[in-house]
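Asks: input20.cif is reproduced below (mmCIF, C-alpha atoms).
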data_input
loop_
_atom_site.label_atom_id
_atom_site.label_comp_id
_atom_site.auth_asym_id
_atom_site.auth_seq_id
_atom_site.Cartn_x
_atom_site.Cartn_y
_atom_site.Cartn_z
CA PHE A 7 -18.53 -47.01 -8.79
CA TYR A 8 -16.34 -49.47 -6.92
CA ASP A 9 -18.80 -52.29 -7.58
CA ALA A 10 -18.83 -51.45 -11.28
CA ALA A 11 -15.04 -51.30 -11.43
CA THR A 12 -14.66 -54.70 -9.71
CA ASP A 13 -17.51 -56.48 -11.48
CA GLY A 14 -16.62 -60.11 -12.18
CA ARG A 15 -14.19 -60.51 -9.29
CA ASP A 16 -14.81 -62.72 -6.25
CA PRO A 17 -15.77 -60.18 -3.55
CA ALA A 18 -15.21 -62.69 -0.73
CA HIS A 19 -11.48 -62.91 -1.47
CA ALA A 20 -10.79 -59.39 -2.75
CA VAL A 21 -8.03 -57.44 -1.05
CA ILE A 22 -8.76 -53.72 -1.29
CA GLU A 23 -5.83 -51.35 -1.44
CA PRO A 24 -5.70 -48.94 1.55
CA ALA A 25 -6.09 -45.87 -0.69
CA VAL A 26 -9.30 -47.32 -2.14
CA LEU A 27 -10.58 -48.51 1.22
CA GLU A 28 -10.06 -45.02 2.63
CA VAL A 29 -12.51 -43.38 0.23
CA LEU A 30 -15.33 -45.91 0.41
CA PRO A 31 -18.45 -44.80 2.35
CA ARG A 32 -17.98 -45.54 6.04
CA PRO A 33 -20.45 -48.48 6.36
CA ARG A 34 -19.02 -50.19 3.27
CA ARG A 35 -15.44 -49.46 4.36
CA GLN A 36 -16.00 -51.01 7.78
CA ALA A 37 -17.71 -54.07 6.31
CA GLU A 38 -14.85 -54.65 3.87
CA ALA A 39 -12.25 -54.08 6.60
CA ARG A 40 -14.00 -56.57 8.88
CA ARG A 41 -14.01 -59.16 6.11
CA MET A 42 -10.33 -58.59 5.21
CA ALA A 43 -9.24 -58.77 8.87
CA ALA A 44 -11.02 -62.10 9.32
CA ARG A 45 -9.55 -63.42 6.07
CA ALA A 46 -6.03 -62.34 7.11
CA ARG A 47 -6.37 -64.19 10.43
CA GLU A 48 -7.54 -67.34 8.67
CA ARG A 49 -4.50 -67.46 6.42
CA GLY A 50 -2.08 -66.61 9.25
CA ALA A 51 -1.03 -63.21 7.91
CA PRO A 52 1.37 -61.04 9.97
CA TRP A 53 -0.22 -59.05 12.79
CA THR A 54 0.48 -55.79 10.97
CA THR A 55 -1.61 -56.94 7.99
CA VAL A 56 -4.50 -57.80 10.31
CA LEU A 57 -4.29 -54.50 12.15
CA GLU A 58 -4.17 -52.45 8.94
CA SER A 59 -7.71 -53.66 8.32
CA VAL A 60 -8.76 -53.51 11.97
CA ALA A 61 -7.77 -49.83 12.07
CA HIS A 62 -10.64 -49.08 9.66
CA LEU A 63 -13.23 -50.46 12.11
CA PRO A 64 -15.17 -48.38 14.67
CA VAL A 65 -13.01 -47.35 17.62
CA GLU A 66 -14.97 -49.46 20.13
CA GLU A 67 -14.50 -52.56 17.98
CA ALA A 68 -10.81 -52.01 17.23
CA ARG A 69 -9.62 -50.55 20.54
CA GLU A 70 -8.62 -53.77 22.32
CA GLU A 71 -6.43 -55.12 19.52
CA LEU A 72 -4.82 -51.76 18.80
CA LEU A 73 -4.04 -51.08 22.47
CA ALA A 74 -2.48 -54.52 22.76
CA ALA A 75 -0.28 -53.70 19.75
CA VAL A 76 1.04 -50.43 21.24
CA ARG A 77 2.11 -52.44 24.32
CA ARG A 78 4.19 -54.94 22.35
CA SER A 79 7.71 -55.50 23.65
CA SER A 80 9.50 -54.45 20.47
CA ALA A 81 9.96 -50.70 19.87
CA GLU A 82 9.78 -51.37 16.12
CA ASP A 83 6.38 -53.00 16.60
CA ARG A 84 5.11 -50.10 18.70
CA ALA A 85 6.30 -47.62 16.08
CA LEU A 86 4.05 -49.43 13.59
CA ALA A 87 1.11 -49.77 15.99
CA TYR A 88 0.77 -46.20 17.28
CA PRO A 89 -0.02 -44.67 13.84
CA LEU A 90 -2.66 -47.36 13.26
CA LEU A 91 -4.33 -46.51 16.56
CA ILE A 92 -4.22 -42.76 15.86
CA ARG A 93 -5.61 -43.13 12.35
CA CYS A 94 -8.42 -45.35 13.64
CA VAL A 95 -9.51 -42.66 16.11
CA ALA A 96 -9.12 -39.93 13.47
CA ARG A 97 -11.41 -41.82 11.08
CA SER A 98 -14.16 -41.77 13.70
CA GLY A 99 -14.40 -37.97 13.42
CA ASP A 100 -15.07 -37.79 17.17
CA PRO A 101 -13.19 -34.98 19.01
CA ASP A 102 -13.89 -36.60 22.40
CA ALA A 103 -12.35 -39.88 21.25
CA LEU A 104 -9.28 -37.98 20.10
CA THR A 105 -8.98 -36.18 23.45
CA ASP A 106 -9.15 -39.54 25.25
CA LEU A 107 -6.46 -40.87 22.93
CA LEU A 108 -4.19 -37.90 23.70
CA GLU A 109 -4.40 -38.73 27.40
CA LEU A 110 -3.20 -42.23 26.52
CA LEU A 111 -0.42 -40.83 24.32
CA GLU A 112 1.21 -39.32 27.39
CA TRP A 113 2.76 -42.79 27.60
CA LEU A 114 5.12 -41.56 24.90
CA ARG A 115 7.30 -39.90 27.54
CA ASN A 116 8.72 -43.36 28.31
CA GLU A 117 9.20 -44.31 24.67
CA GLN A 118 12.25 -44.21 22.41
CA ASP A 119 12.35 -41.45 19.83
CA PRO A 120 11.51 -43.64 16.79
CA VAL A 121 8.23 -44.56 18.50
CA ARG A 122 7.48 -40.95 19.52
CA SER A 123 8.34 -39.73 16.04
CA ALA A 124 5.99 -42.22 14.36
CA ALA A 125 3.12 -41.39 16.73
CA LEU A 126 3.56 -37.63 16.45
CA GLY A 127 3.81 -37.88 12.67
CA ALA A 128 0.42 -39.62 12.57
CA LEU A 129 -1.00 -37.05 14.99
CA ALA A 130 0.25 -34.21 12.78
CA ARG A 131 -1.61 -35.74 9.82
CA THR A 132 -4.89 -35.76 11.78
CA HIS A 133 -7.30 -33.07 10.64
CA PRO A 134 -6.88 -30.09 13.02
CA ALA A 135 -10.66 -29.58 13.25
CA LEU A 136 -10.87 -32.76 15.38
CA PHE A 137 -8.85 -31.21 18.22
CA ALA A 138 -10.97 -29.74 21.01
CA ASP A 139 -9.79 -27.11 23.50
CA ASP A 140 -9.63 -29.83 26.16
CA ALA A 141 -6.89 -31.50 24.14
CA ALA A 142 -4.45 -28.63 24.79
CA GLU A 143 -3.54 -29.83 28.29
CA HIS A 144 -2.53 -33.27 27.00
CA LEU A 145 -0.73 -31.81 24.00
CA ASP A 146 1.29 -29.61 26.34
CA ARG A 147 2.64 -32.59 28.24
CA ILE A 148 3.29 -34.60 25.08
CA ALA A 149 5.18 -31.75 23.41
CA ALA A 150 7.19 -30.82 26.50
CA GLU A 151 8.37 -34.40 26.98
CA ALA A 152 9.16 -34.90 23.29
CA ILE A 153 11.20 -31.68 23.02
CA SER A 154 13.13 -32.17 26.25
CA ALA A 155 13.91 -35.87 25.65
CA ARG A 156 17.63 -36.54 25.29
CA ASP A 157 17.08 -38.49 22.06
CA SER A 158 14.64 -36.00 20.52
CA SER A 159 15.12 -36.04 16.74
CA SER A 160 14.53 -33.58 13.95
CA ALA A 161 11.67 -35.77 12.69
CA THR A 162 9.92 -35.51 16.06
CA ARG A 163 10.35 -31.75 16.14
CA GLN A 164 9.18 -31.39 12.56
CA ALA A 165 6.01 -33.37 13.36
CA LEU A 166 5.31 -31.11 16.35
CA ARG A 167 5.92 -28.02 14.23
CA HIS A 168 3.56 -29.30 11.53
CA LEU A 169 0.87 -30.02 14.12
CA ALA A 170 1.28 -26.62 15.81
CA VAL A 171 1.08 -24.68 12.54
CA GLY A 172 -1.95 -26.72 11.45
CA LEU A 173 -3.78 -25.98 14.69
CA LEU A 174 -2.82 -22.32 14.49
CA ARG A 175 -4.23 -22.00 10.98
CA GLU A 176 -7.44 -23.89 11.79
CA HIS A 177 -8.30 -22.40 15.16
CA ALA A 178 -7.28 -18.81 14.59
CA VAL A 179 -10.66 -18.75 12.85
CA THR A 180 -12.63 -20.96 15.26
CA GLY A 181 -11.28 -19.08 18.29
CA ARG A 182 -10.24 -22.10 20.39
CA ARG A 183 -7.88 -20.16 22.60
CA GLN A 184 -6.41 -23.09 24.49
CA LEU A 185 -5.28 -24.71 21.26
CA LEU A 186 -3.95 -21.39 19.93
CA GLY A 187 -1.96 -20.95 23.12
CA TRP A 188 -0.54 -24.45 22.81
CA ALA A 189 0.42 -23.89 19.18
CA LEU A 190 2.27 -20.65 19.95
CA ARG A 191 4.00 -22.08 23.03
CA THR A 192 5.14 -25.11 21.06
CA LEU A 193 6.51 -23.05 18.19
CA THR A 194 8.36 -20.94 20.76
CA ARG A 195 9.84 -24.05 22.40
CA LEU A 196 10.89 -25.44 19.04
CA ALA A 197 12.45 -22.36 17.51
CA GLY A 198 13.11 -19.88 20.31
CA SER A 199 10.65 -17.45 18.70
CA VAL A 200 7.25 -18.00 17.17
CA GLY A 201 8.14 -16.18 13.99
CA ALA A 202 10.87 -18.63 13.15
CA ALA A 203 8.16 -21.07 12.08
CA ASP A 204 6.55 -20.64 8.70
CA LEU A 205 2.79 -20.14 9.03
CA GLY A 206 2.30 -21.01 5.38
CA ARG A 207 0.07 -19.02 3.05
CA LEU A 208 -2.98 -18.25 5.16
CA ASP A 209 -4.19 -15.92 2.42
CA HIS A 210 -4.63 -19.00 0.20
CA GLN A 211 -6.61 -20.90 2.85
CA LEU A 212 -8.89 -18.33 4.48
CA ARG A 213 -12.19 -17.18 3.09
CA ARG A 214 -12.49 -13.51 2.22
CA GLY A 215 -12.66 -11.43 5.38
CA GLN A 216 -11.41 -14.17 7.73
CA GLU A 217 -8.04 -12.45 8.02
CA GLN A 218 -9.66 -10.03 10.50
CA ALA A 219 -10.81 -12.97 12.66
CA VAL A 220 -7.31 -14.44 12.54
CA PHE A 221 -5.78 -11.14 13.63
CA GLU A 222 -8.26 -10.73 16.50
CA ALA A 223 -7.58 -14.28 17.69
CA LEU A 224 -3.82 -13.70 17.72
CA ARG A 225 -3.99 -10.11 18.93
CA PRO A 226 -3.23 -10.83 22.63
CA TRP A 227 0.00 -12.62 21.64
CA LEU A 228 0.90 -10.00 19.05
CA GLU A 229 0.52 -7.16 21.55
CA ALA A 230 2.30 -9.08 24.31
CA GLY A 231 5.22 -9.66 21.94
CA ALA A 232 5.30 -5.97 21.00
CA GLU A 233 5.56 -5.05 24.69
CA ARG A 234 8.62 -7.31 24.96
CA VAL A 235 9.99 -5.82 21.72
CA ASP A 236 9.57 -9.25 20.13
CA HIS A 237 7.81 -8.74 16.81
CA GLU A 238 8.52 -12.10 15.19
CA LEU A 239 4.90 -13.27 15.34
CA THR A 240 3.79 -9.99 13.76
CA PHE A 241 6.25 -10.53 10.91
CA ALA A 242 5.18 -14.17 10.46
CA LEU A 243 1.51 -13.19 10.29
CA ALA A 244 2.14 -10.33 7.86
CA ARG A 245 4.07 -12.62 5.52
CA SER A 246 1.45 -15.34 5.80
CA LEU A 247 -1.46 -13.02 4.99
CA GLY A 248 0.28 -11.44 2.00
CA ARG A 249 -1.81 -8.65 0.46
CA ARG A 250 -4.56 -9.22 3.00
CA ALA A 251 -2.24 -7.79 5.65
CA HIS A 252 -2.44 -4.44 3.84
CA THR A 253 -6.10 -4.07 4.84
CA LEU A 254 -5.51 -4.58 8.58
CA PRO A 255 -4.65 -1.16 10.08
CA GLU A 256 -3.95 -2.67 13.53
CA LEU A 257 -1.37 -5.04 12.03
CA GLN A 258 0.21 -2.16 10.10
CA GLU A 259 0.41 -0.20 13.37
CA LEU A 260 2.25 -3.10 15.00
CA LEU A 261 4.76 -3.03 12.12
CA TRP A 262 5.29 0.69 12.76
CA GLN A 263 5.91 -0.08 16.44
CA ALA A 264 8.59 -2.53 15.34
CA ILE A 265 10.17 0.23 13.24
CA SER A 266 10.01 2.69 16.11
CA PHE A 267 11.34 0.50 18.92
CA GLY A 268 13.01 -2.58 17.41
CA SER A 269 16.63 -3.52 17.02
CA ASP A 270 18.43 -2.79 13.76
CA VAL A 271 17.63 -6.25 12.37
CA THR A 272 14.00 -5.95 13.48
CA VAL A 273 13.65 -2.49 11.93
CA ARG A 274 15.03 -3.63 8.58
CA THR A 275 12.51 -6.50 8.45
CA ALA A 276 9.64 -4.29 9.60
CA ILE A 277 10.39 -1.60 7.01
CA GLY A 278 10.26 -4.14 4.18
CA LEU A 279 6.86 -5.39 5.33
CA TRP A 280 5.49 -1.92 6.15
CA LEU A 281 6.33 -0.62 2.66
CA GLU A 282 4.57 -3.48 0.87
CA PRO A 283 1.10 -1.84 0.37
CA PRO A 284 1.47 -0.10 -3.03
CA ALA A 285 -1.12 2.58 -2.36
CA GLU A 286 0.63 3.68 0.85
CA ARG A 287 4.24 3.20 -0.18
CA ASP A 288 5.09 6.72 -1.40
CA ALA A 289 3.63 8.48 1.63
CA ARG A 290 5.15 5.96 4.02
CA VAL A 291 8.65 6.52 2.64
CA ALA A 292 8.33 10.25 3.35
CA GLU A 293 7.08 9.51 6.88
CA LEU A 294 9.89 7.04 7.44
CA LEU A 295 12.57 9.51 6.35
CA THR A 296 11.16 12.10 8.73
CA HIS A 297 11.45 9.53 11.50
CA GLU A 298 14.90 8.21 10.52
CA PRO A 299 16.70 9.91 7.57
CA SER A 300 19.40 7.24 7.40
CA ALA A 301 16.74 4.70 6.40
CA ALA A 302 17.17 6.16 2.91
CA VAL A 303 20.13 3.84 2.38
CA LEU A 304 18.06 0.68 2.94
CA PRO A 305 17.21 -1.10 -0.33
CA PRO A 306 13.37 -1.04 0.00
CA VAL A 307 13.44 2.70 0.74
CA LEU A 308 16.03 3.54 -1.87
CA ALA A 309 14.02 1.68 -4.49
CA VAL A 310 11.08 4.00 -3.88
CA LEU A 311 13.31 7.09 -3.84
CA THR A 312 14.89 6.30 -7.21
CA ARG A 313 11.73 5.14 -8.94
CA ARG A 314 8.86 7.19 -7.52
CA ARG A 315 9.78 9.74 -4.85
CA THR A 316 12.64 11.36 -6.75
CA ASP A 317 11.61 14.64 -5.08
CA LEU A 318 13.18 13.25 -1.91
CA LEU A 319 16.53 12.35 -3.48
CA ASP A 320 18.12 15.57 -2.22
CA LEU A 321 18.21 13.96 1.20
CA VAL A 322 20.50 11.24 -0.16
CA LEU A 323 22.50 13.26 -2.69
CA ASP A 324 23.26 16.25 -0.49
CA ASP A 325 26.89 17.13 0.35
CA THR A 326 26.34 15.57 3.77
CA PRO A 327 25.00 12.00 3.60
CA PRO A 328 22.00 11.16 5.85
CA TYR A 329 24.08 9.88 8.72
CA GLY A 330 22.20 8.12 11.48
CA ARG A 331 21.22 4.66 12.63
CA PHE A 332 21.80 2.92 9.30
CA LEU A 333 24.66 5.09 8.02
CA THR A 334 27.16 5.90 10.71
CA PRO A 335 29.21 9.11 10.48
CA GLY A 336 32.41 8.63 8.52
CA THR A 337 30.98 5.77 6.48
CA HIS A 338 31.53 6.11 2.72
CA TRP A 339 28.35 5.36 0.82
CA THR A 340 27.46 5.86 -2.84
CA PRO A 341 23.88 5.54 -4.14
CA PRO A 342 23.49 2.76 -6.72
CA THR A 343 23.69 4.19 -10.22
CA GLY A 344 23.91 1.05 -12.32
CA ARG A 345 21.93 0.10 -15.38
CA ASN A 346 19.16 -1.58 -13.38
CA THR A 347 18.58 1.61 -11.40
CA GLY A 348 18.64 3.90 -14.44
CA ARG A 349 16.18 1.68 -16.28
CA TRP A 350 13.45 2.69 -13.85
CA LEU A 351 14.18 6.42 -13.83
CA PRO A 352 12.86 9.07 -16.21
CA ARG A 353 15.08 9.63 -19.25
CA GLN A 354 16.90 12.65 -17.83
CA GLN A 355 17.64 10.89 -14.55
CA ALA A 356 18.86 7.82 -16.43
CA ALA A 357 21.32 10.01 -18.34
CA ALA A 358 22.50 11.51 -15.06
CA ALA A 359 22.95 8.03 -13.66
CA ARG A 360 25.19 7.09 -16.60
CA LEU A 361 27.28 10.23 -16.08
CA LEU A 362 27.65 9.38 -12.39
CA ASP A 363 28.73 5.86 -13.34
CA ARG A 364 31.48 7.19 -15.58
CA ALA A 365 32.59 9.74 -12.97
CA ALA A 366 32.74 7.05 -10.28
CA ALA A 367 34.89 4.88 -12.54
CA ASP A 368 37.29 7.73 -13.44
CA THR A 369 40.33 6.98 -11.30
CA SER A 370 41.97 10.26 -12.35
CA LEU A 371 39.52 12.17 -10.16
CA PRO A 372 40.19 12.59 -6.44
CA PRO A 373 38.10 10.18 -4.29
CA ARG A 374 35.89 12.97 -2.94
CA GLN A 375 34.96 14.15 -6.43
CA ARG A 376 34.25 10.61 -7.55
#
Using the file provided, produce a representation of the structure as structure tokens.
Replies:
Amino acid sequence: FYDAATDGRDPAHAVIEPAVLEVLPRPRRQAEARRMAARARERGAPWTTVLESVAHLPVEEAREELLAAVRRSSAEDRALAYPLLIRCVARSGDPDALTDLLELLEWLRNEQDPVRSAALGALARTHPALFADDAAEHLDRIAAEAISARDSSSATRQALRHLAVGLLREHAVTGRRQLLGWALRTLTRLAGSVGAADLGRLDHQLRRGQEQAVFEALRPWLEAGAERVDHELTFALARSLGRRAHTLPELQELLWQAISFGSDVTVRTAIGLWLEPPAERDARVAELLTHEPSAAVLPPVLAVLTRRRTDLLDLVLDDTPPYGRFLTPGTHWTPPTGRNTGRWLPRQQAAAARLLDRAAADTSLPPRQR
């Protein structure tokens, strides 16, 4: 196709755009890159122009020039050279070559942040399938130095976060535990808790049924977090799996543990996620109210009470409010009775809601009656 598109041009002097060069078959790409590198040297082009072509050659052929470039005296030059070296190794598709490169990248601990940021950005764009378990040890040192550096920037941290999430998504299925451990440790270092990082939409990336493999791979960390009453990874995974999380009873049980033993903030988050499965929602609200009646005042619970489980409304509308963890004694609380609530109720309950609205707005009534 490329030959047909460029028919009539002089192939000996053609300069192929990087995006086009990238998609040519490997033997043709390397031949064209070799020709363009030689041509660039002949006309005295800048070293960056030469190396952009050299980076498309086999690693053994390009290594010497690329390593010389990452040792240049100027930090600006090294910031340009490191990504070229990383992309060259990534194009080889060789996990061992990438592991060897990561050992070399430990040099980054002595670099300025612009150089580290450029190198880590290129590393984050490398396909996560190329990382072997042996790479985790080198990644640990690279990440620790980059995060603790006095000049560590948001760009550097964002690159590490992107790399960690990519490895977590990829290897939760392959089961490379060393890489999973590195990804979770790095997210913890970056954000203070693993759940603070967005795992993306795993449900859009996994094949049907792979959510179980992902859960099993992360299970040791999920259960360890639950023992510390830290459920952030459980929440992150539940959000990331979307509806697929509804079919994982072990994950649902971890959400119930968060409801049973978490802090107020944790419980509120856990309740929202635990009530997501539509088929279980009605029964779960009744179970939740048995466990903690004051949860009736929380929006996800109240929505079910006013729309579906109206048989449980007596708990909320009784003379004595459901005081407890989420409604402290002495607190004044009125159930929402606005138009948006009434719209979802049966006709008789909607009429009652309108009457309550008018009564609540009647300032001539004593506060208790309102």
Asks: Given the file shown, determine the residues that the PyMOL selection byres ((chain A and resi 246-252) around 8) selects; report them as a ChimeraX atom specification.
Replies: /A:204-209,217,242-245,253-255,257-258,282-283
Asks: Of the candidates A:Asp106, A:Val26, A:Phe332, A:Gln218, which shows the shortest atom-to-atom distance to Val273 in chain A, using only C-alpha atoms?
Replies: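 Going through A:Asp106, A:Val26, A:Phe332, A:Gln218 one by one, the smallest distance to Val273 in chain A is for A:Phe332.
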Asks: Can you tell me, as a VMD selection string, what residues are no more than 12 Å from Asp102 in chain A when counting only C-alpha atoms, ignoring any on the same chain fewer than 2 positions away?
Replies: chain A and resid 65 95 to 96 98 to 100 104 to 109 135 to 141
Asks: On this structure, which residues satisfy the PyMOL selection byres ((chain A and resi 220) around 10), written as a list in words?
Replies: Leu174, Arg175, Glu176, His177, Ala178, Val179, Thr180, Gly181, Leu208, Leu212, Gly215, Gln216, Glu217, Gln218, Ala219, Phe221, Glu222, Ala223, Leu224, Arg225, Leu243 and Leu247 of chain A
Asks: Evaluate the PyMOL selection byres ((chain A and resi 142-146) around 12) here and jot the selected residues down as a PyMOL selection string.
Replies: chain A and resi 104-115+126+129-130+137-141+147-153+166+169-170+173+182-193+195
Asks: With all atoms listed in the file as the atoms that count, which of A:Trp53, A:Ser59, A:His168, A:Arg156 lies nearest to Ile22 in chain A?
Replies: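 Ranked by minimum distance to Ile22 in chain A, first place goes to A:Ser59.
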Asks: Can you work out the spacing between CA of Pro299 in chain A and CA of Arg331 in chain A in Å, to one decimal?
Replies: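 Between CA of Pro299 in chain A and CA of Arg331 in chain A the gap is 8.6 Å.
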Asks: May I ask for the distance between CA of Val56 in chain A and CA of Thr132 in chain A, given in Å to one decimal place?
Replies: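 Those two atoms sit 22.1 Å apart.
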Asks: Point out the residue among A:Pro327, A:Gly336, A:Gly278, A:Asp320 with the least atom-to-atom distance to Val307 in chain A, counting only C-alpha atoms.
Replies: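 Going through A:Pro327, A:Gly336, A:Gly278, A:Asp320 one by one, the smallest distance to Val307 in chain A is for A:Gly278.
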Asks: Near Ser160 in chain A, counting all atoms listed in the file, which residues have an atom at most 12 Å away, once you skip same-chain residues fewer than 2 positions from it, shown as a list of chain:residue names?
Replies: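 Here the answer would be A:Asp119, A:Pro120, A:Arg122, A:Ser123, A:Leu126, A:Gly127, A:Ala152, A:Ile153, A:Ala155, A:Asp157, A:Ser158, A:Thr162, A:Arg163, A:Gln164, A:Ala165, A:Leu166, A:Arg167, A:Leu196, A:Ala197.
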Asks: So what do you get for CA of Asp325 in chain A versus CA of Leu295 in chain A, distance-wise?
Replies: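 Between CA of Asp325 in chain A and CA of Leu295 in chain A the gap is 17.3 Å.
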Asks: Which residue, A:Thr275, A:Thr337, A:Thr194, A:Thr316, has the smallest gap to Leu304 in chain A when you use all atoms listed in the file?
Replies: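 Smallest separation from Leu304 in chain A among the options: A:Thr275.
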Asks: What's around range 77-88 of chain A at 6 Å? Count all atoms listed in the file, leave out sequence neighbours fewer than 2 positions away in its own chain, and write the answer as a ChimeraX atom specification.
Replies: /A:74-75,90-91,121,124-125
Asks: Quick one: of A:Gln36, A:Thr272, A:Ser266, A:Thr326, who's nearest to Thr240 in chain A, counting all atoms listed in the file?
Replies: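 The closest residue to Thr240 in chain A is A:Thr272.
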Asks: I'd like the contact shell of Leu30 in chain A - 12 Å cut-off, all atoms listed in the file, skipping same-chain residues fewer than 4 positions apart - returned as number ranges by chain.
Replies: A: 7-9, 22-26, 34-39, 62
